[in-house]
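**Student:** This is data34.cif (mmCIF, C-alpha atoms and all ligand atoms).
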```
data_model
#
loop_
_atom_site.label_atom_id
_atom_site.label_comp_id
_atom_site.auth_asym_id
_atom_site.auth_seq_id
_atom_site.Cartn_x
_atom_site.Cartn_y
_atom_site.Cartn_z
CA MET A 144 -10.39 -17.51 9.34
CA ILE A 145 -7.75 -14.80 9.48
CA ASP A 146 -5.21 -14.39 6.66
CA LEU A 147 -3.71 -10.90 6.44
CA HIS A 148 -1.41 -9.51 3.78
CA LEU A 149 0.18 -6.21 4.80
CA PRO A 150 3.23 -4.09 3.97
CA LYS A 151 6.39 -5.46 5.60
CA ARG A 152 6.54 -2.31 7.68
CA ILE A 153 3.93 0.35 8.49
CA ILE A 154 5.03 3.62 10.10
CA CYS A 155 2.64 6.42 11.02
CA HIS A 156 3.56 9.47 13.07
CA ASN A 157 3.90 13.20 12.63
CA GLY A 158 7.22 14.00 10.97
CA SER A 159 7.89 10.41 9.83
CA LEU A 160 8.97 11.68 6.37
CA SER A 161 12.28 12.71 7.94
CA HIS A 162 13.19 9.00 8.24
CA LEU A 163 12.87 8.42 4.49
CA GLY A 164 16.65 8.53 3.95
CA GLU A 165 17.60 5.65 6.23
CA LEU A 166 14.51 3.65 5.26
CA GLY A 167 15.22 4.14 1.55
CA ALA A 168 18.90 3.23 1.90
CA ASP A 169 17.78 -0.20 3.18
CA LEU A 170 15.97 -0.86 -0.11
CA GLY A 171 18.39 0.29 -2.79
CA ASP A 172 20.88 2.77 -4.21
CA HIS A 173 18.78 4.64 -6.75
CA ALA A 174 15.15 5.66 -6.19
CA LEU A 175 12.61 6.60 -8.82
CA VAL A 176 10.63 9.29 -6.98
CA CYS A 177 7.11 9.46 -8.43
CA THR A 178 4.94 12.51 -7.72
CA GLY A 179 2.09 14.50 -9.21
CA ARG A 180 2.83 17.68 -11.08
CA THR A 181 2.91 20.52 -8.55
CA SER A 182 1.59 20.62 -4.99
CA LEU A 183 4.43 18.67 -3.33
CA GLU A 184 6.99 21.11 -4.68
CA ALA A 185 5.02 24.12 -3.47
CA SER A 186 4.78 22.74 0.07
CA GLY A 187 8.54 22.06 0.24
CA MET A 188 7.89 18.39 1.00
CA LEU A 189 9.47 17.16 -2.23
CA ALA A 190 12.70 19.00 -1.45
CA LYS A 191 12.63 17.50 2.05
CA ALA A 192 12.15 13.96 0.70
CA LEU A 193 14.95 14.31 -1.86
CA HIS A 194 17.24 15.83 0.77
CA CYS A 195 16.59 12.91 3.16
CA LEU A 196 17.46 10.36 0.45
CA ASP A 197 20.53 12.31 -0.62
CA GLY A 198 21.68 12.46 3.01
CA HIS A 199 21.86 8.65 3.02
CA ALA A 200 23.68 8.40 -0.34
CA VAL A 201 20.57 7.32 -2.23
CA GLN A 202 20.59 8.62 -5.80
CA THR A 203 17.23 9.91 -7.06
CA SER A 204 15.49 10.38 -10.41
CA HIS A 205 12.24 12.33 -10.26
CA PHE A 206 9.22 11.51 -12.43
CA SER A 207 6.60 14.22 -11.88
CA ALA A 208 4.12 13.67 -14.72
CA ILE A 209 1.51 11.59 -12.91
CA ASP A 210 -2.03 12.90 -13.43
CA HIS A 211 -5.26 12.10 -11.64
CA ASP A 212 -6.63 8.70 -12.58
CA PRO A 213 -3.36 7.52 -14.13
CA SER A 214 -3.58 5.94 -17.57
CA LEU A 215 -1.60 3.03 -18.99
CA SER A 216 0.47 5.46 -21.06
CA THR A 217 1.42 7.45 -17.94
CA VAL A 218 2.69 4.25 -16.32
CA ASP A 219 4.56 3.32 -19.51
CA ALA A 220 6.24 6.75 -19.65
CA ALA A 221 7.44 6.35 -16.05
CA VAL A 222 8.62 2.79 -16.73
CA ASP A 223 10.66 3.95 -19.75
CA PHE A 224 12.15 6.78 -17.70
CA ALA A 225 13.06 4.43 -14.83
CA ARG A 226 14.60 1.83 -17.17
CA GLU A 227 16.85 4.51 -18.67
CA THR A 228 17.97 5.70 -15.26
CA ASP A 229 18.51 2.21 -13.78
CA CYS A 230 16.46 2.76 -10.61
CA ASP A 231 16.30 -0.16 -8.18
CA PHE A 232 13.37 0.93 -6.01
CA ILE A 233 10.42 3.31 -6.09
CA VAL A 234 9.33 6.08 -3.74
CA ALA A 235 5.78 7.28 -4.51
CA ILE A 236 4.66 10.45 -2.71
CA GLY A 237 1.18 11.79 -3.38
CA GLY A 238 -2.52 11.02 -3.43
CA GLY A 239 -4.03 7.70 -4.45
CA SER A 240 -3.35 8.30 -8.14
CA VAL A 241 0.37 8.75 -7.56
CA LEU A 242 0.63 5.76 -5.23
CA ASP A 243 -1.27 3.55 -7.67
CA ALA A 244 0.89 4.69 -10.59
CA GLY A 245 4.05 4.10 -8.54
CA LYS A 246 2.90 0.58 -7.64
CA ALA A 247 2.14 -0.14 -11.30
CA VAL A 248 5.59 1.13 -12.33
CA ALA A 249 7.21 -1.06 -9.66
CA ALA A 250 5.32 -4.07 -11.02
CA ILE A 251 5.83 -3.49 -14.76
CA LEU A 252 9.43 -2.28 -14.74
CA PRO A 253 11.06 -5.72 -14.19
CA GLN A 254 8.76 -7.41 -16.78
CA GLU A 255 9.15 -7.45 -20.55
CA GLY A 256 7.48 -4.65 -22.49
CA HIS A 257 4.74 -2.32 -21.28
CA THR A 258 1.54 -2.27 -19.22
CA ARG A 259 -1.25 -3.26 -21.66
CA PRO A 260 -0.86 -7.09 -21.79
CA TYR A 261 -0.53 -7.30 -17.99
CA PHE A 262 -3.53 -4.98 -17.48
CA ASP A 263 -5.62 -7.02 -19.94
CA GLY A 264 -4.61 -10.28 -18.26
CA GLU A 265 -2.90 -11.62 -21.39
CA ARG A 266 0.42 -11.91 -19.58
CA ALA A 267 1.16 -12.71 -15.93
CA ILE A 268 3.54 -10.66 -13.80
CA GLU A 269 6.45 -13.09 -13.54
CA GLN A 270 9.39 -11.11 -12.17
CA HIS A 271 9.04 -9.81 -8.60
CA PRO A 272 8.01 -6.12 -8.56
CA LEU A 273 10.60 -3.60 -7.38
CA PRO A 274 10.28 -2.61 -3.71
CA ILE A 275 8.24 0.54 -3.17
CA ILE A 276 7.84 3.03 -0.34
CA ALA A 277 4.33 4.49 -0.46
CA ILE A 278 3.91 7.91 1.18
CA PRO A 279 0.32 9.22 1.05
CA THR A 280 -0.36 12.99 1.09
CA THR A 281 -4.12 12.53 1.44
CA ALA A 282 -5.96 10.55 4.10
CA GLY A 283 -8.32 8.31 2.22
CA THR A 284 -7.40 6.00 -0.60
CA GLY A 285 -5.47 3.43 1.42
CA SER A 286 -3.29 2.57 -1.57
CA GLU A 287 -0.25 2.43 0.73
CA CYS A 288 -1.46 -0.95 2.06
CA THR A 289 -3.11 -2.69 -0.89
CA ASN A 290 -1.97 -5.09 -3.62
CA ASN A 291 -3.53 -3.32 -6.60
CA ALA A 292 -3.21 -0.21 -8.72
CA VAL A 293 -6.38 1.31 -10.21
CA LEU A 294 -5.56 2.44 -13.76
CA THR A 295 -7.74 4.15 -16.36
CA ASP A 296 -7.95 2.57 -19.79
CA THR A 297 -8.58 5.72 -21.82
CA GLU A 298 -9.11 3.67 -25.01
CA HIS A 299 -12.04 1.71 -23.57
CA LYS A 300 -13.18 4.32 -21.01
CA THR A 301 -12.89 1.92 -18.13
CA LYS A 302 -11.08 1.78 -14.80
CA LYS A 303 -9.77 -1.43 -13.35
CA SER A 304 -6.98 -2.79 -11.22
CA LEU A 305 -3.60 -4.18 -12.08
CA ARG A 306 -3.27 -6.63 -9.20
CA ASP A 307 -0.68 -8.99 -7.79
CA PRO A 308 -0.09 -10.07 -4.18
CA ARG A 309 3.54 -8.90 -4.53
CA MET A 310 2.41 -5.34 -5.34
CA ILE A 311 1.81 -4.53 -1.64
CA PRO A 312 4.31 -1.77 -0.77
CA GLU A 313 7.39 -2.80 1.15
CA LEU A 314 6.86 0.18 3.43
CA ALA A 315 3.80 2.34 4.11
CA LEU A 316 5.23 5.60 5.43
CA VAL A 317 2.37 7.76 6.69
CA ASP A 318 3.17 11.27 7.88
CA PRO A 319 -0.08 13.04 8.87
CA GLU A 320 1.70 16.40 8.52
CA LEU A 321 1.76 15.83 4.75
CA THR A 322 -2.04 16.12 4.69
CA ILE A 323 -2.01 19.71 6.03
CA SER A 324 -1.78 21.15 2.51
CA CYS A 325 -4.78 19.11 1.33
CA PRO A 326 -7.63 21.62 0.67
CA PRO A 327 -11.00 21.28 2.48
CA ASP A 328 -13.02 19.82 -0.41
CA LEU A 329 -10.36 17.19 -1.16
CA THR A 330 -9.98 16.42 2.56
CA ALA A 331 -13.74 15.83 2.74
CA ARG A 332 -13.85 13.58 -0.33
CA CYS A 333 -10.79 11.53 0.65
CA GLY A 334 -12.05 11.20 4.22
CA MET A 335 -15.41 9.93 2.99
CA ASP A 336 -13.60 7.46 0.71
CA ALA A 337 -11.81 6.19 3.84
CA LEU A 338 -15.07 5.99 5.79
CA THR A 339 -16.75 4.20 2.88
CA GLN A 340 -13.90 1.71 2.70
CA ALA A 341 -14.19 1.14 6.44
CA ILE A 342 -17.96 0.58 6.42
CA GLU A 343 -17.95 -1.53 3.24
CA CYS A 344 -15.17 -3.68 4.66
CA PHE A 345 -16.97 -4.11 8.01
CA VAL A 346 -20.13 -5.47 6.37
CA SER A 347 -18.42 -7.31 3.48
CA ILE A 348 -18.60 -11.07 3.12
CA GLY A 349 -14.80 -11.15 3.56
CA ALA A 350 -14.75 -9.50 7.02
CA ASN A 351 -13.08 -11.38 9.88
CA PRO A 352 -12.46 -10.59 13.58
CA ALA A 353 -9.07 -9.00 12.84
CA THR A 354 -10.39 -6.69 10.12
CA ASP A 355 -13.42 -5.87 12.31
CA ALA A 356 -11.12 -4.74 15.13
CA LEU A 357 -9.19 -2.47 12.78
CA ILE A 358 -12.38 -1.07 11.27
CA LEU A 359 -14.13 -0.23 14.55
CA SER A 360 -11.19 1.95 15.53
CA ALA A 361 -10.97 3.42 12.02
CA ILE A 362 -14.65 4.41 11.92
CA GLU A 363 -14.47 5.97 15.38
CA GLN A 364 -11.49 8.13 14.48
CA ILE A 365 -12.64 9.18 11.02
CA ALA A 366 -16.23 9.96 12.02
CA ARG A 367 -15.16 11.95 15.08
CA HIS A 368 -12.38 13.96 13.47
CA LEU A 369 -13.13 14.35 9.75
CA PRO A 370 -15.37 17.44 10.19
CA GLY A 371 -12.58 19.09 12.22
CA ALA A 372 -9.92 18.16 9.66
CA VAL A 373 -12.06 19.79 6.94
CA ALA A 374 -12.87 22.91 8.98
CA GLU A 375 -9.40 23.43 10.49
CA GLY A 376 -6.93 21.95 8.04
CA ASP A 377 -3.83 22.82 10.07
CA ASN A 378 -5.10 21.27 13.32
CA MET A 379 -3.07 18.10 13.81
CA ASP A 380 -5.43 16.96 16.60
CA HIS A 381 -7.88 16.24 13.78
CA ARG A 382 -5.52 15.48 10.90
CA GLU A 383 -3.61 12.77 12.77
CA PRO A 384 -6.59 10.60 13.81
CA VAL A 385 -8.08 10.86 10.31
CA ALA A 386 -4.76 9.69 8.82
CA ILE A 387 -4.54 6.83 11.34
CA GLY A 388 -8.17 5.86 10.70
CA SER A 389 -7.62 5.86 6.95
CA LEU A 390 -4.51 3.68 7.36
CA MET A 391 -6.27 1.18 9.65
CA ALA A 392 -9.20 0.95 7.24
CA ALA A 393 -6.74 0.22 4.44
CA MET A 394 -5.02 -2.53 6.46
CA ALA A 395 -8.44 -4.15 6.77
CA PHE A 396 -10.09 -3.62 3.38
CA GLY A 397 -6.94 -4.67 1.52
CA ASN A 398 -7.71 -8.09 2.99
CA ALA A 399 -11.49 -8.27 3.51
CA GLY A 400 -12.63 -6.40 0.41
CA LEU A 401 -15.24 -3.71 -0.23
CA GLY A 402 -18.74 -3.73 -1.73
CA ALA A 403 -21.31 -2.18 -4.06
CA VAL A 404 -20.27 1.45 -3.44
CA HIS A 405 -16.85 0.76 -4.91
CA GLY A 406 -18.35 -1.45 -7.61
CA LEU A 407 -20.42 1.53 -8.82
CA ALA A 408 -17.89 4.31 -8.07
CA HIS A 409 -15.36 3.01 -10.60
CA PRO A 410 -17.61 3.26 -13.71
CA LEU A 411 -18.90 6.63 -12.47
CA GLY A 412 -15.29 7.80 -12.37
CA ALA A 413 -14.23 6.26 -15.68
CA GLN A 414 -17.31 7.24 -17.69
CA PHE A 415 -18.11 10.67 -16.19
CA GLY A 416 -14.92 11.85 -14.49
CA ILE A 417 -16.65 11.95 -11.09
CA PRO A 418 -14.00 12.12 -8.32
CA HIS A 419 -13.78 8.76 -6.56
CA GLY A 420 -14.35 10.02 -3.02
CA LEU A 421 -17.34 12.11 -4.10
CA ALA A 422 -18.99 9.15 -5.84
CA CYS A 423 -18.36 7.00 -2.74
CA ALA A 424 -19.74 9.60 -0.32
CA ILE A 425 -22.94 10.08 -2.33
CA LEU A 426 -23.54 6.36 -2.89
CA LEU A 427 -22.73 5.25 0.66
CA PRO A 428 -26.03 6.09 2.48
CA HIS A 429 -28.09 4.38 -0.25
CA VAL A 430 -25.97 1.25 -0.41
CA CYS A 431 -26.04 1.00 3.41
CA ALA A 432 -29.86 1.19 3.29
CA PHE A 433 -29.86 -1.57 0.64
CA ASN A 434 -27.50 -3.76 2.71
CA MET A 435 -29.39 -3.23 5.99
CA GLU A 436 -31.40 -6.49 5.87
CA ALA A 437 -28.20 -8.52 5.34
CA ARG A 438 -26.10 -6.89 8.09
CA GLU A 439 -28.44 -5.22 10.58
CA GLU A 440 -26.40 -6.40 13.57
CA LYS A 441 -23.20 -4.94 12.19
CA PHE A 442 -24.85 -1.63 11.35
CA ALA A 443 -26.20 -1.57 14.93
CA HIS A 444 -22.61 -2.01 16.14
CA ILE A 445 -21.31 1.04 14.28
CA ALA A 446 -24.43 3.22 14.72
CA PRO A 447 -23.19 4.94 17.92
CA LEU A 448 -19.83 5.71 16.27
CA LEU A 449 -21.71 7.60 13.57
CA GLY A 450 -24.10 9.40 15.94
CA ALA A 451 -27.04 7.19 14.90
CA ALA A 452 -29.52 5.82 17.46
CA THR A 453 -30.12 2.50 15.69
CA ALA A 454 -28.88 0.52 12.69
CA HIS A 455 -31.73 1.90 10.60
CA ASP A 456 -30.63 5.48 11.35
CA VAL A 457 -27.13 4.92 9.87
CA PRO A 458 -28.02 5.96 6.29
CA GLU A 459 -29.54 9.24 7.53
CA ALA A 460 -26.53 9.91 9.78
CA LEU A 461 -24.23 9.45 6.77
CA LEU A 462 -26.33 11.85 4.69
CA GLY A 463 -26.04 14.37 7.54
CA LEU A 464 -22.27 13.90 7.70
CA ASN A 465 -22.01 14.49 3.94
CA ARG A 466 -24.02 17.71 4.28
CA ASP A 467 -21.81 18.89 7.17
CA LEU A 468 -18.79 18.34 4.92
CA GLY A 469 -20.30 20.26 1.98
CA ILE A 470 -20.89 17.11 -0.10
CA PRO A 471 -24.14 17.18 -2.13
CA ASP A 472 -26.88 14.52 -1.86
CA THR A 473 -26.78 13.72 -5.58
CA LEU A 474 -24.61 13.75 -8.70
CA ALA A 475 -26.73 16.57 -10.19
CA ASP A 476 -23.54 18.50 -11.06
CA TYR A 477 -22.59 15.72 -13.48
CA ALA A 478 -24.43 14.85 -16.67
CA VAL A 479 -25.53 11.34 -15.67
CA THR A 480 -28.97 10.47 -17.09
CA PRO A 481 -31.27 7.42 -16.70
CA SER A 482 -30.20 6.23 -20.15
CA ASP A 483 -26.60 5.93 -18.86
CA ILE A 484 -27.55 3.51 -16.08
CA PRO A 485 -27.26 0.22 -18.05
CA ALA A 486 -23.67 1.04 -19.11
CA ILE A 487 -22.72 1.99 -15.52
CA ILE A 488 -24.14 -1.29 -14.19
CA ALA A 489 -22.51 -3.33 -16.96
CA ASP A 490 -19.12 -2.00 -15.81
CA SER A 491 -19.77 -2.39 -12.07
CA ARG A 492 -19.39 -6.15 -11.63
CA SER A 493 -15.89 -6.01 -10.16
CA GLY A 494 -14.22 -7.85 -7.30
CA SER A 495 -15.59 -5.18 -4.95
CA MET A 496 -19.19 -5.86 -6.03
CA ALA A 497 -18.64 -9.57 -5.41
CA LYS A 498 -17.90 -8.85 -1.71
CA ASN A 499 -21.17 -6.95 -1.12
CA PRO A 500 -23.12 -8.66 1.69
CA ARG A 501 -26.44 -8.64 -0.18
CA PRO A 502 -26.44 -9.79 -3.80
CA ALA A 503 -27.48 -6.85 -5.97
CA SER A 504 -29.41 -7.45 -9.20
CA ASP A 505 -29.25 -5.01 -12.10
CA ASP A 506 -32.66 -3.69 -10.98
CA ASP A 507 -31.36 -3.17 -7.42
CA LEU A 508 -28.37 -1.20 -8.72
CA ALA A 509 -30.59 0.82 -11.07
CA HIS A 510 -32.79 1.72 -8.07
CA ILE A 511 -29.74 2.94 -6.12
CA LEU A 512 -28.43 4.95 -9.09
CA ASN A 513 -31.83 6.51 -9.78
CA GLN A 514 -31.82 7.93 -6.24
CA ILE A 515 -28.57 9.83 -6.78
CA ILE A 516 -28.55 11.11 -10.37
FE FE B 1 -12.14 4.02 -2.39
#
```
Translate the structure described by the file into structure tokens.
Ligand SMILES: [Fe+2]
**Tutor:**
Amino acid sequence: MIDLHLPKRIICHNGSLSHLGELGADLGDHALVCTGRTSLEASGMLAKALHCLDGHAVQTSHFSAIDHDPSLSTVDAAVDFARETDCDFIVAIGGGSVLDAGKAVAAILPQEGHTRPYFDGERAIEQHPLPIIAIPTTAGTGSECTNNAVLTDTEHKTKKSLRDPRMIPELALVDPELTISCPPDLTARCGMDALTQAIECFVSIGANPATDALILSAIEQIARHLPGAVAEGDNMDHREPVAIGSLMAAMAFGNAGLGAVHGLAHPLGAQFGIPHGLACAILLPHVCAFNMEAREEKFAHIAPLLGAATAHDVPEALLGLNRDLGIPDTLADYAVTPSDIPAIIADSRSGSMAKNPRPASDDDLAHILNQII
């Protein structure tokens, strides 16, 4: 069965940001432009985006206080700001945190009150979210195509998604040139998040022929070009295919789901502050080894794309790729101890974990975690 939910429009080419004005004018008169605190301004891209909107008579209000791993209070502050300024659509430009926060603002703004009751599931999102244009500046998270926003509940030290089918961005506007300013370590981590999403989606129980087609192309492009994008950050011959691969993976996993890597990466992020892409990259070889008996044929299919001779060589090839990208084998830099494992597992049973192709018991997950701490 194929049933795909995607943004109404997906645009990806070098320089596509310059079309933001006309595309924005189709959605409203007054944009809330959500960004992180600094890097966009330094690169001149923020000024370019605002200029494009202004050139098409779109008024803008800029909210720039979005941190990594956005909290409920960050979303609430942006919602209050947008309500005061009467914005009628959202433009989110940044990494996954900014896009997720922007999507949450778009969803909460037309509702009554603030984020907490919707995040806790006590209230349903009734009014249609505002339209949003999602413009990623990293190649990895895929938030520009998905129907959820990962938020951090700082009170309960947990990360989970605010989710609604209507939260899929109206427009995913991907300009690979925006990723040029992404530093090598962040490029590596985001790229491995994208590759993890691709591989988890390909072997997930929700995969279908359409998502498989997207993923095979995504894996080929990311695996071939990510090392070059990390080593030569201004080389568009590498940046562009990584951005396209990340986008295609997102189009697929937003529909087919993920797996145990993402199930475990969220508590590792919420409880220990471990960057999402780093947790994914380190977990991926071990979860692939665990899933091998359930999806050997599919791992055999992607083995050549990853430089592996057989399905069983895929985990080792992924470890080698991590090492080439400067990503460590373990989480030794973070203070995760064996006594922390039960709490990590208790918080890992998300929708992603439910899509893993081989059911994982608490003992199975403990075995995986013990290999990487
Ligand atoms: Fe991810």
**Student:** Pick out the residues no farther than 6 Å from ligand FE 1 (chain B), counting all atoms listed in the file, and list them as a list of chain:residue names.
**Tutor:**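 The residues near ligand FE 1 (chain B) are A:Thr284, A:Asp336, A:Gln340.
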**Student:** Rounded to one decimal, what separation in Å do you get between atom CA of A:Ala200 and atom CA of A:Leu160?
**Tutor:**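 Rounded to one decimal, the two atoms are 16.5 Å apart.
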**Student:** Just to confirm, what's the straight-line distance from atom CA of A:Asp219 to atom CA of A:Thr289 in Å (one decimal)?
**Tutor:** 21.0 Å
**Student:** When distances are computed from all atoms listed in the file, which of A:Ser182, A:Asn290, A:Asn398, A:Gln364 shows the smallest separation from A:Pro352?
**Tutor:**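 Closest residue, counting all atoms listed in the file: A:Asn398.
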**Student:** Between atom CA of A:Ser360 and atom CA of A:Pro418, what distance in Å does the model show, to one decimal?
**Tutor:**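 Atom-to-atom, atom CA of A:Ser360 and atom CA of A:Pro418 are spaced 26.1 Å apart.
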**Student:** Could you build a table of the residues in stretch 183-297 of chain A lying no more than 7 Å from stretch 316-319 of chain A, giving for each the nearest pair of atoms and their separation in Å rounded to one decimal place, using only C-alpha atoms, ordered by chain and ascending residue number, as a Markdown table?
**Tutor:**
```
| residue | atom | partner | partner_atom | distance |
| --- | --- | --- | --- | --- |
| A:Ile276 | CA | A:Leu316 | CA | 6.8 |
| A:Ala277 | CA | A:Leu316 | CA | 6.1 |
| A:Ile278 | CA | A:Leu316 | CA | 5.0 |
| A:Pro279 | CA | A:Val317 | CA | 6.2 |
```
**Student:** Pick the closest to A:His419 from A:Ala437, A:Ala337, A:Ala220, A:Ile323: which is it, counting only C-alpha atoms?
**Tutor:**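 The answer is A:Ala337, which sits nearest to A:His419.
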**Student:** Near stretch 258-272 of chain A, counting all atoms listed in the file, which residues have an atom at most 7 Å away, once you skip same-chain residues fewer than 5 positions from it, shown as a VMD selection string?
**Tutor:** chain A and resid 215 219 249 to 251 253 305 309 to 310
**Student:** Between A:Thr203, A:Ser216, A:Thr339, A:Asn465, single out the one closest to A:Asp229, counting all atoms listed in the file.
**Tutor:**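 That would be A:Thr203, the residue with the smallest distance to A:Asp229.
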